[in-house]
Amino acid sequence: MYTLSNRLRLFSIILMVVGLVGLIIGFGQRPGSVEEVKEMMAAHDAHGGGHGESQVAESSHGKGHGEEDAHGGDAHYEHVLHQLQNKPWASLYVAAFFFFMIALGVLAFYAIQFASQAGWSPVLFRVMEAITAYLVPGGIILLVILALSGFHVNHLFVWADPEVVAHDALIQGKSGWLNSWGFIIRAVIFLGGWLLYRHFAVKYSRKQDEDTEGNKWYKKSFKISAGFLVFFIYTESMASWDWIMSFDPHWFSTLFGWYVFASLFVSGITTIALISIYLKSKGYLEFVNNSHIHDLAKFMFGISIFWTYLWFSQFMLIWYSNIPEEVTYFITRIEDYKLPFFGMLVMNFIFPILVLMNSDFKRVNWFVVMAGIVILCGHYIDVYNMVMPATVGESWFIGISEISAVSLFLGLFLFVVFRALTKAPLLPKGNPYIEESKHFHY
């Protein structure tokens with residue numbers, strides 16, 4: 001049995017407390033009026049640049065003068081005010097979604113192992129089950145944020161603002177799908193289905209440990225996993241439309257559901273590898289060998305290539321066709337988010353392909369850990385790139401809100417996952433493929 005160390009427990013609690021305090025400060029620093037925005041931008045100009053909240057004027061100030069001249073009054077300052085008020089909410093949302101999608105990716109990978117009757121992976125099942133335990137608290141938090149957004153308590157989703165919809169014929173045409181109650185009801189169905197599968201999958205896994213008469217519970221796991229994967233592939237796509245793509249309601253991509261799936265899938269598999277390597281370093285998982293880590297690293301490499309294929313297919317077709325309402329999505333990101341946009345490509349494609357292409361490197365734990373950390377950071381930036389341009393526009397920078405949100409959810413993730421590891425033996429003894437998995441070598 002795994003025992004959660006006091007040091008890891010304390011570390012995760014400290015991360016949560018620091019993150020929570022930082023987010024409170026971030027929300028408290030939001031400007032409350034146009035006058036405060038003017039003061040912040042004036043202070044930025046007076047000091048010739050700087051850090052903190054005043055930095056928002058760096059890219060937007062020059063655009064604002066033209067807007068003011070054209071419209072008169074405070075149109076630009078009101079625009080920046082709304083962006084800055086969104087910033088802590090958007091930071092909270094990015095981190096909440098990112099850690100939730102890691103657990104969801106692991107859940108899909110776990111179901112695939114059962115549905116394909118894989119023989120190499122059962123020794124890793126307890127790690128996967130522990131990571132998916134985060135779906136419960138992470139899903140509840142995400143649902144609360146979605147509800148607040150869908151009912152326009154914050155201003156993250158522009159389609160939730162009645163004033164905007166009243167003057168936007170295109171959003172009005174999508175109001176049959178993009179409306180507050182439909183948005184929340186679909187979220188409850190998605191989360192409910194995913195959590196229901198996770199509940200029964202773990203329940204059957206525990207019962208299989210005690211089954212001395214046959215593989216009754218394994219067969220049940222096989223059946224519900226196959227059914228879940230059908231449910232998942234539809235609901236994951238719809239969730240990606242609702243929770244990410246609808247930030248830009250004028251834009252759409254038919255590849256978007258697959259694109260988000262590739263991101264959550266590789267992030268989940270990477271997390272399995274990192275936690276398995278950590279547990280081995282602490283003397284646990286003695287039945288996990290270099291061949292298991294090698295297979296996980298192969299998935300990290302392969303899905304990174306798959307993600308890049310989807311990213312390029314989506315980008316190239318839209319960029320080449322040059323249809324104004326479609327290409328604007330990428331122009332905004334290339335012009336205002338140049339560093340995270342191109343940096344994400346390096347971290348999610350170029351770095352993994354250089355580090356993990358060599359088969360021998362996939363068996364070197366520190367190489368896999370290094371690649372895994374870069375991949376996870378890269379996919380956090382990917383989510384950041386998908387959310388921030390539509391919510392904070394050009395008023396972005398990595399500040400206290402972003403760092404605190406990551407700290408809060410990282411602490412919660414570590415606490416929930418490693419606490420879940422203590423609930424059952426790390427080796428699922430009743431699995432019919434366990435001996436094959438324990439002796440997996442090539």
# chains A, B, ... in the order shown; residues from 1 in each chain; ligands from 1

call {"tool": "residues_around", "arguments": {"residues": "A:His439", "least_positions_apart": "2", "cutoff": "9 Å", "atoms": "only C-alpha atoms", "output": "list in words"}}
result
Trp120, Phe287, Asn289, Ile434, Glu435, Glu436, Ser437 and His441 of chain A

call {"tool": "residues_around", "arguments": {"residues": "A:Lys220", "least_positions_apart": "5", "cutoff": "12 Å", "atoms": "only C-alpha atoms", "output": "number ranges by chain"}}
result
A: 114-115, 197, 200-205, 207-208, 214-215, 225-227

call {"tool": "write_last_selection", "arguments": {"atoms": "N, CA and C atoms", "output": "CSV table (one decimal), in the first residue's frame"}}
result
chain,number,residue,atom,x,y,z
A,114,PHE,N,-9.0,-1.2,-21.2
A,114,PHE,CA,-10.0,-2.2,-21.0
A,114,PHE,C,-10.6,-2.7,-22.3
A,115,ALA,N,-11.1,-1.7,-23.1
A,115,ALA,CA,-11.8,-2.0,-24.4
A,115,ALA,C,-10.9,-2.8,-25.4
A,197,TYR,N,-19.1,6.7,-15.2
A,197,TYR,CA,-18.2,5.6,-15.7
A,197,TYR,C,-17.1,5.5,-14.8
A,200,PHE,N,-18.1,3.4,-11.6
A,200,PHE,CA,-18.3,2.0,-11.8
A,200,PHE,C,-17.0,1.3,-12.2
A,201,ALA,N,-16.2,2.0,-13.0
A,201,ALA,CA,-14.9,1.3,-13.4
A,201,ALA,C,-14.0,1.1,-12.2
A,202,VAL,N,-13.9,2.0,-11.3
A,202,VAL,CA,-13.1,1.8,-10.0
A,202,VAL,C,-13.8,0.8,-9.1
A,203,LYS,N,-15.1,0.8,-9.0
A,203,LYS,CA,-15.8,-0.2,-8.2
A,203,LYS,C,-15.6,-1.6,-8.7
A,204,TYR,N,-15.7,-1.8,-10.0
A,204,TYR,CA,-15.5,-3.1,-10.6
A,204,TYR,C,-14.0,-3.6,-10.5
A,205,SER,N,-13.1,-2.6,-10.6
A,205,SER,CA,-11.7,-2.9,-10.4
A,205,SER,C,-11.4,-3.4,-9.0
A,207,LYS,N,-13.6,-4.9,-7.0
A,207,LYS,CA,-14.2,-6.1,-6.8
A,207,LYS,C,-13.5,-7.3,-7.5
A,208,GLN,N,-12.8,-6.9,-8.6
A,208,GLN,CA,-12.1,-7.9,-9.3
A,208,GLN,C,-10.9,-8.4,-8.5
A,214,GLY,N,-13.5,-16.1,-11.1
A,214,GLY,CA,-13.4,-15.9,-12.5
A,214,GLY,C,-13.2,-14.4,-12.8
A,215,ASN,N,-13.6,-14.1,-14.0
A,215,ASN,CA,-13.4,-12.7,-14.5
A,215,ASN,C,-14.7,-11.9,-14.7
A,225,SER,N,-16.6,0.0,-20.5
A,225,SER,CA,-15.5,0.8,-21.1
A,225,SER,C,-15.8,1.0,-22.6
A,226,ALA,N,-16.2,0.0,-23.2
A,226,ALA,CA,-16.6,0.1,-24.7
A,226,ALA,C,-17.7,1.1,-24.9
A,227,GLY,N,-18.7,1.0,-24.0
A,227,GLY,CA,-19.9,1.9,-24.1
A,227,GLY,C,-19.5,3.3,-23.8

call {"tool": "closest_residue", "arguments": {"among": "A:Trp396, A:Pro249, A:Tyr234, A:Val34", "to": "A:Ala169", "atoms": "only C-alpha atoms"}}
result
A:Pro249

call {"tool": "residues_around", "arguments": {"residues": "stretch 94-102 of chain A", "least_positions_apart": "5", "cutoff": "7 Å", "atoms": "only C-alpha atoms", "output": "list in words"}}
result
Leu135, Gly138, Gly139, Leu142, Leu264, Ser267, Gly268, Tyr380, Val383, Tyr384, Val387, Ala405, Val406 and Phe409 of chain A

call {"tool": "atom_distance", "arguments": {"atom1": "atom CA of A:Val288", "atom2": "atom CA of A:Ala420"}}
result
18.9 Å

call {"tool": "closest_residue", "arguments": {"among": "A:Trp177, A:Phe27, A:Tyr134, A:Phe361", "to": "A:Leu84", "atoms": "only C-alpha atoms"}}
result
A:Phe27

call {"tool": "closest_residue", "arguments": {"among": "A:His155, A:Lys423, A:Lys87, A:Arg7", "to": "A:Leu23", "atoms": "only C-alpha atoms"}}
result
A:Lys87

call {"tool": "select_by_dssp", "arguments": {"residues": "stretch 178-295 of chain A", "states": "alpha helix (DSSP H)", "output": "PyMOL selection string"}}
result
chain A and resi 180-210+216-243+256-281+290-295

call {"tool": "residues_around", "arguments": {"residues": "A:Phe252", "least_positions_apart": "2", "cutoff": "10 Å", "atoms": "only C-alpha atoms", "output": "PDB file with N, CA and C atoms, in the first residue's frame"}}
result
ATOM      1  N   TRP A 241     -16.584  22.369 -27.871  1.00  0.00           N
ATOM      2  CA  TRP A 241     -17.287  23.480 -28.541  1.00  0.00           C
ATOM      3  C   TRP A 241     -17.817  24.464 -27.509  1.00  0.00           C
ATOM      4  N   MET A 245     -14.412  26.623 -27.672  1.00  0.00           N
ATOM      5  CA  MET A 245     -14.624  27.273 -28.963  1.00  0.00           C
ATOM      6  C   MET A 245     -15.638  28.409 -28.878  1.00  0.00           C
ATOM      7  N   SER A 246     -16.597  28.329 -27.946  1.00  0.00           N
ATOM      8  CA  SER A 246     -17.615  29.369 -27.876  1.00  0.00           C
ATOM      9  C   SER A 246     -17.098  30.673 -27.271  1.00  0.00           C
ATOM     10  N   ASP A 248     -15.049  32.284 -28.854  1.00  0.00           N
ATOM     11  CA  ASP A 248     -15.054  33.016 -30.133  1.00  0.00           C
ATOM     12  C   ASP A 248     -16.273  32.556 -30.928  1.00  0.00           C
ATOM     13  N   PRO A 249     -17.470  33.056 -30.611  1.00  0.00           N
ATOM     14  CA  PRO A 249     -18.689  32.505 -31.211  1.00  0.00           C
ATOM     15  C   PRO A 249     -18.840  32.789 -32.701  1.00  0.00           C
ATOM     16  N   HIS A 250     -18.036  33.705 -33.250  1.00  0.00           N
ATOM     17  CA  HIS A 250     -18.092  33.967 -34.692  1.00  0.00           C
ATOM     18  C   HIS A 250     -17.245  32.975 -35.480  1.00  0.00           C
ATOM     19  N   THR A 254     -14.195  22.481 -37.698  1.00  0.00           N
ATOM     20  CA  THR A 254     -14.717  21.114 -37.607  1.00  0.00           C
ATOM     21  C   THR A 254     -13.700  20.152 -37.000  1.00  0.00           C
ATOM     22  N   LEU A 255     -12.447  20.581 -36.902  1.00  0.00           N
ATOM     23  CA  LEU A 255     -11.394  19.750 -36.304  1.00  0.00           C
ATOM     24  C   LEU A 255     -11.211  20.015 -34.813  1.00  0.00           C
ATOM     25  N   PHE A 256     -11.949  20.972 -34.282  1.00  0.00           N
ATOM     26  CA  PHE A 256     -11.629  21.472 -32.946  1.00  0.00           C
ATOM     27  C   PHE A 256     -11.774  20.410 -31.857  1.00  0.00           C
ATOM     28  N   GLU A 325     -13.723  36.012 -41.634  1.00  0.00           N
ATOM     29  CA  GLU A 325     -14.275  35.644 -40.333  1.00  0.00           C
ATOM     30  C   GLU A 325     -13.590  34.415 -39.732  1.00  0.00           C
ATOM     31  N   GLU A 326     -12.848  33.662 -40.553  1.00  0.00           N
ATOM     32  CA  GLU A 326     -12.129  32.498 -40.034  1.00  0.00           C
ATOM     33  C   GLU A 326     -10.680  32.822 -39.688  1.00  0.00           C
ATOM     34  N   TYR A 329      -9.184  34.578 -36.311  1.00  0.00           N
ATOM     35  CA  TYR A 329      -8.840  33.805 -35.111  1.00  0.00           C
ATOM     36  C   TYR A 329      -7.326  33.676 -34.965  1.00  0.00           C
TER      37      TYR A 329
END

call {"tool": "atom_distance", "arguments": {"atom1": "atom CA of A:Ser237", "atom2": "atom CA of A:Phe418"}}
result
29.4 Å

call {"tool": "residues_around", "arguments": {"residues": "A:Trp366", "least_positions_apart": "2", "cutoff": "12 Å", "atoms": "only C-alpha atoms", "output": "list in words"}}
result
Ala273, Leu274, Ile277, Tyr278, Ser281, Ile293, Ala297, Val355, Leu356, Phe361, Lys362, Arg363, Val364, Val368, Val369, Met370, Ala371, Gly372 and Ile373 of chain A

call {"tool": "write_last_selection", "arguments": {"atoms": "C-alpha atoms", "output": "compact mmCIF listing (two decimals), in the first residue's frame"}}
result
# COMPACT_ATOMS: atom_id res chain seq x y z
CA ALA A 273 4.41 8.58 -16.83
CA LEU A 274 5.55 11.32 -14.44
CA ILE A 277 8.42 7.46 -12.36
CA TYR A 278 8.03 9.41 -9.11
CA SER A 281 11.89 6.61 -7.26
CA ILE A 293 7.89 3.63 -19.25
CA ALA A 297 6.95 7.61 -23.78
CA VAL A 355 14.01 14.29 -27.29
CA LEU A 356 11.73 11.26 -27.67
CA PHE A 361 15.95 7.86 -24.64
CA LYS A 362 12.42 6.62 -23.92
CA ARG A 363 13.90 4.24 -21.35
CA VAL A 364 15.86 6.95 -19.53
CA VAL A 368 11.04 11.23 -20.01
CA VAL A 369 10.51 13.51 -17.00
CA MET A 370 12.16 16.46 -18.77
CA ALA A 371 10.10 15.90 -21.92
CA GLY A 372 6.94 15.41 -19.86
CA ILE A 373 7.30 18.69 -17.95

call {"tool": "closest_residue", "arguments": {"among": "A:Ala133, A:Met357, A:Leu339, A:Tyr259", "to": "A:Gly302", "atoms": "only C-alpha atoms"}}
result
A:Met357

call {"tool": "residues_around", "arguments": {"residues": "A:Val123", "least_positions_apart": "2", "cutoff": "12 Å", "atoms": "only C-alpha atoms", "output": "NGL selection string"}}
result
:A and (110 or 113 or 118-121 or 125-129 or 272 or 276 or 284-289 or 291-293 or 425-440)
